[in-house]
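Q: Right, I'll just put the structure down here and ask away after.
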Amino acid sequence: MHPNAKNIFVTGAGSGVGKHLSLHAARQGLFVLAADLKLATAAETAQEIERAGGKALPLEIDVASEASVQAAFARVPDGRVDILINNAGLQIVSAVEEFPAEKWKLLTDVLLVGPFLCTKAALPGMKARNFGRIVNLGSIHSLIASPFKSAYVAAKHGLLGFSKTIALETGAHDITINTICPSYIKTPLVEAQIAAQAKTNGISEAEVVDKIMLQPMPKKAFIGLDEITATVDFLASPGARNITAQAIAIDGGWTAR
Ligand SMILES: NC(=O)c1ccc[n+]([C@@H]2O[C@H](COP(=O)([O-])OP(=O)(O)OC[C@H]3O[C@@H](n4cnc5c(N)ncnc54)[C@H](O)[C@@H]3O)[C@@H](O)[C@H]2O)c1
């Protein structure tokens with residue numbers, strides 16, 4: 001992490017990637033703004049951090065709501081966010097003909113409008129202090145598509161276009177924005193998908209893992225949470241200060257095909 005960084009704001013901090021990143025950042029001495037739709041899970045993350053001797057503030061946030069994002073950012077001490085992790089997410093798997101329109105909109109609201117609203121809230125302070133690192137959790141689905149994931153793929157592709165634009169708008173400052181694009185990580189989100197994909201495709205859960213999830217990856221392994229934290233550490237470090245607008249694939253070779 002960067003020596004200028006004191007506060008890190010993590011969305012979706014109550015589970016999976018966001019929780020792991022929050023605990024990791026606290027171990028590096030950062031003050032963690034642990035934000036989640038489910039305040040109770042954000043509070044659990046904050047408690048775990050404090051039990052381990054770190055510092056954190058749990059925040060309730062719905063990243064899809066501008067009023068909620070503004071209310072959460074208003075509670076940040078001194079309004080200071082040095083590192084923003086746009087991580088909150090969810091997945092809904094359905095053939096497009098059956099995809100409920102309101103669910104399609106929910107996915108794009110959380111996965112695309114959410115990062116826009118949080119970036120909008122964090123940028124004025126980052127510009128004023130001339131320092132900021134924004135890391136988005138994109139996905140291998142920011143780069144390629146899979147059937148039945150039209151909303152997720154559209155939103156995660158959109159995140160790359162959004163980041164390129166913000167990189168242009170922040171070029172005059174020591175601010176970067178990048179998107180990590182992992183293939184499957186074993187988190188609650190993926191556990192739920194295994195079950196959903198088995199139903200949609202009419203196959204067993206073991207077959208979903210072997211034939212759908214790991215099949216396209218030459219390395220045939222789930223991505224580890226340690227690989228995500230290592231990439232965030234690098235992107236936030238002084239050595240990555242000119243890396244911006246990039247999509248960093250952690251995909252076990254998937255996109256080599
Ligand atoms: N798990 C994977 O394999 C994988 C792969 C690639 C990308 N990702 C991305 O990583 C991110 C984290 O995924 P995860 O696997 O840790 O999922 P997860 O389900 O374990 O955690 C997601 C968290 O986001 C929160 N959240 C959902 N909607 C929200 C909202 N409107 N406002 C605020 N918080 C909200 C949930 O409450 C939950 O705590 C997501 O953006 C996901 O798309 C995950």
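In the structure tokens, the first chain shown is A, the next is B, and so on; residue numbers restart at 1 for each chain, and ligands run from 1 in the order shown.
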Mind the document's chain letters and residue numbers, and return as a ChimeraX atom specification the residues of segment 44-242 of chain A that DSSP labels alpha helix (DSSP H).

A: /A:44-51,66-74,101-108,114-129,150-169,188-201,205-207,225-236

Q: Segment 94-121 of chain A near segment 45-62 of chain A within 12 Å: what's each residue's closest atom pair and its distance in Å to one decimal, counting only C-alpha atoms, ordered by chain then ascending residue number, as a Markdown table?

A:
| residue | atom | partner | partner_atom | distance |
| --- | --- | --- | --- | --- |
| A:Leu106 | CA | A:Asp62 | CA | 11.4 |
| A:Asp109 | CA | A:Asp62 | CA | 10.0 |
| A:Val110 | CA | A:Asp62 | CA | 8.1 |
| A:Leu111 | CA | A:Asp62 | CA | 11.3 |
| A:Val113 | CA | A:Asp62 | CA | 10.9 |
| A:Gly114 | CA | A:Asp62 | CA | 8.1 |
| A:Pro115 | CA | A:Asp62 | CA | 11.2 |
| A:Leu117 | CA | A:Asp62 | CA | 10.3 |
| A:Cys118 | CA | A:Ile61 | CA | 10.1 |

Q: Pick from A:Thr231, A:Thr119, A:Ser22, A:Gln193: nearest to Ile134 of chain A, with only C-alpha atoms counted?

A: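 Closest to Ile134 of chain A, using only C-alpha atoms: A:Thr119.
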
Q: Could you please extract the residues within 7 Å of ligand 1, counting only C-alpha atoms and all ligand atoms, and hand them back as a ChimeraX atom specification?

A: /A:11-18,35-38,41,61-64,87-91,110-111,137-140,181-190

Q: Next, dump the selected residues to file, keeping only C-alpha atoms, as an mmCIF file, in the first residue's frame.

A:
data_model
loop_
_atom_site.group_PDB
_atom_site.id
_atom_site.type_symbol
_atom_site.label_atom_id
_atom_site.label_comp_id
_atom_site.auth_asym_id
_atom_site.auth_seq_id
_atom_site.Cartn_x
_atom_site.Cartn_y
_atom_site.Cartn_z
ATOM 1 C CA THR A 11 -18.002 -1.449 -0.528
ATOM 2 C CA GLY A 12 -19.433 -4.920 0.004
ATOM 3 C CA ALA A 13 -17.135 -5.218 3.058
ATOM 4 C CA GLY A 14 -19.398 -7.697 4.831
ATOM 5 C CA SER A 15 -18.576 -10.761 2.748
ATOM 6 C CA GLY A 16 -16.171 -12.499 0.381
ATOM 7 C CA VAL A 17 -13.617 -10.311 -1.408
ATOM 8 C CA GLY A 18 -14.619 -7.110 0.401
ATOM 9 C CA ALA A 35 -19.503 -0.387 3.962
ATOM 10 C CA ASP A 36 -22.222 -2.880 3.079
ATOM 11 C CA LEU A 37 -25.911 -3.080 2.261
ATOM 12 C CA LYS A 38 -26.136 -5.382 5.283
ATOM 13 C CA THR A 41 -22.134 -7.986 8.261
ATOM 14 C CA ILE A 61 -24.613 1.757 2.169
ATOM 15 C CA ASP A 62 -26.725 0.930 -0.838
ATOM 16 C CA VAL A 63 -24.300 1.745 -3.632
ATOM 17 C CA ALA A 64 -27.207 1.954 -6.085
ATOM 18 C CA ASN A 87 -16.441 -4.142 -4.783
ATOM 19 C CA ALA A 88 -20.136 -4.524 -3.851
ATOM 20 C CA GLY A 89 -21.841 -6.943 -6.144
ATOM 21 C CA LEU A 90 -24.312 -9.697 -6.788
ATOM 22 C CA GLN A 91 -25.087 -12.130 -9.569
ATOM 23 C CA VAL A 110 -25.269 -2.092 -8.206
ATOM 24 C CA LEU A 111 -22.369 -3.072 -10.495
ATOM 25 C CA LEU A 137 -13.704 -5.352 -8.794
ATOM 26 C CA GLY A 138 -14.477 -6.142 -12.386
ATOM 27 C CA SER A 139 -14.446 -9.722 -13.549
ATOM 28 C CA ILE A 140 -13.275 -11.980 -16.301
ATOM 29 C CA CYS A 181 -10.711 -8.915 -13.613
ATOM 30 C CA PRO A 182 -10.653 -12.270 -11.817
ATOM 31 C CA SER A 183 -12.208 -15.501 -12.942
ATOM 32 C CA TYR A 184 -13.933 -17.540 -10.244
ATOM 33 C CA ILE A 185 -13.050 -16.982 -6.583
ATOM 34 C CA LYS A 186 -14.708 -19.292 -4.023
ATOM 35 C CA THR A 187 -16.862 -16.766 -2.151
ATOM 36 C CA PRO A 188 -20.542 -16.863 -1.117
ATOM 37 C CA LEU A 189 -21.380 -15.228 -4.489
ATOM 38 C CA VAL A 190 -19.846 -18.142 -6.401
#

Q: Quick check, in Å to one decimal: how far apart do atom CA of Met1 of chain A and atom CA of Val81 of chain A lie?

A: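 Taking atom CA of Met1 of chain A as the start and atom CA of Val81 of chain A as the end point, the length is 13.9 Å.
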
Q: Pick out the closest residue to Ala72 of chain A from this set: A:Leu214, A:Ala249, A:Leu33, A:Leu123. Count only C-alpha atoms.

A: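 Nearest to Ala72 of chain A: A:Leu33.
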
Q: So which residues touch Phe99 of chain A within 9 Å, counting only C-alpha atoms, skipping near sequence neighbours fewer than 5 positions away, as number ranges by chain?

A: A: 92-94, 104, 148, 150-151

Q: Would you kindly return, as a list of chain:residue names, each protein, DNA or RNA residue with an atom no farther than 12 Å from any atom of Ala256 of chain A, considering only C-alpha atoms and excluding same-chain residues fewer than 6 positions away?

A: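 Answer for this query is A:Ile140, A:Leu143, A:Ile144, A:Pro216, A:Met217, A:Pro218, A:Lys219, A:Ala249, A:Ile250.
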
Q: Which distance in Å separates atom CA of Val10 of chain A and atom CA of Ala145 of chain A, to one decimal?

A: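 Spanning atom CA of Val10 of chain A to atom CA of Ala145 of chain A is a straight-line distance of 26.4 Å.
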
Q: Identify which of the residues A:Ala42, A:Met126, A:Leu168, A:Ala95 lies closest to Asn7 of chain A, counting only C-alpha atoms when measuring atom-to-atom distances.

A: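 With only C-alpha atoms as the atom set, the closest residue is A:Met126.
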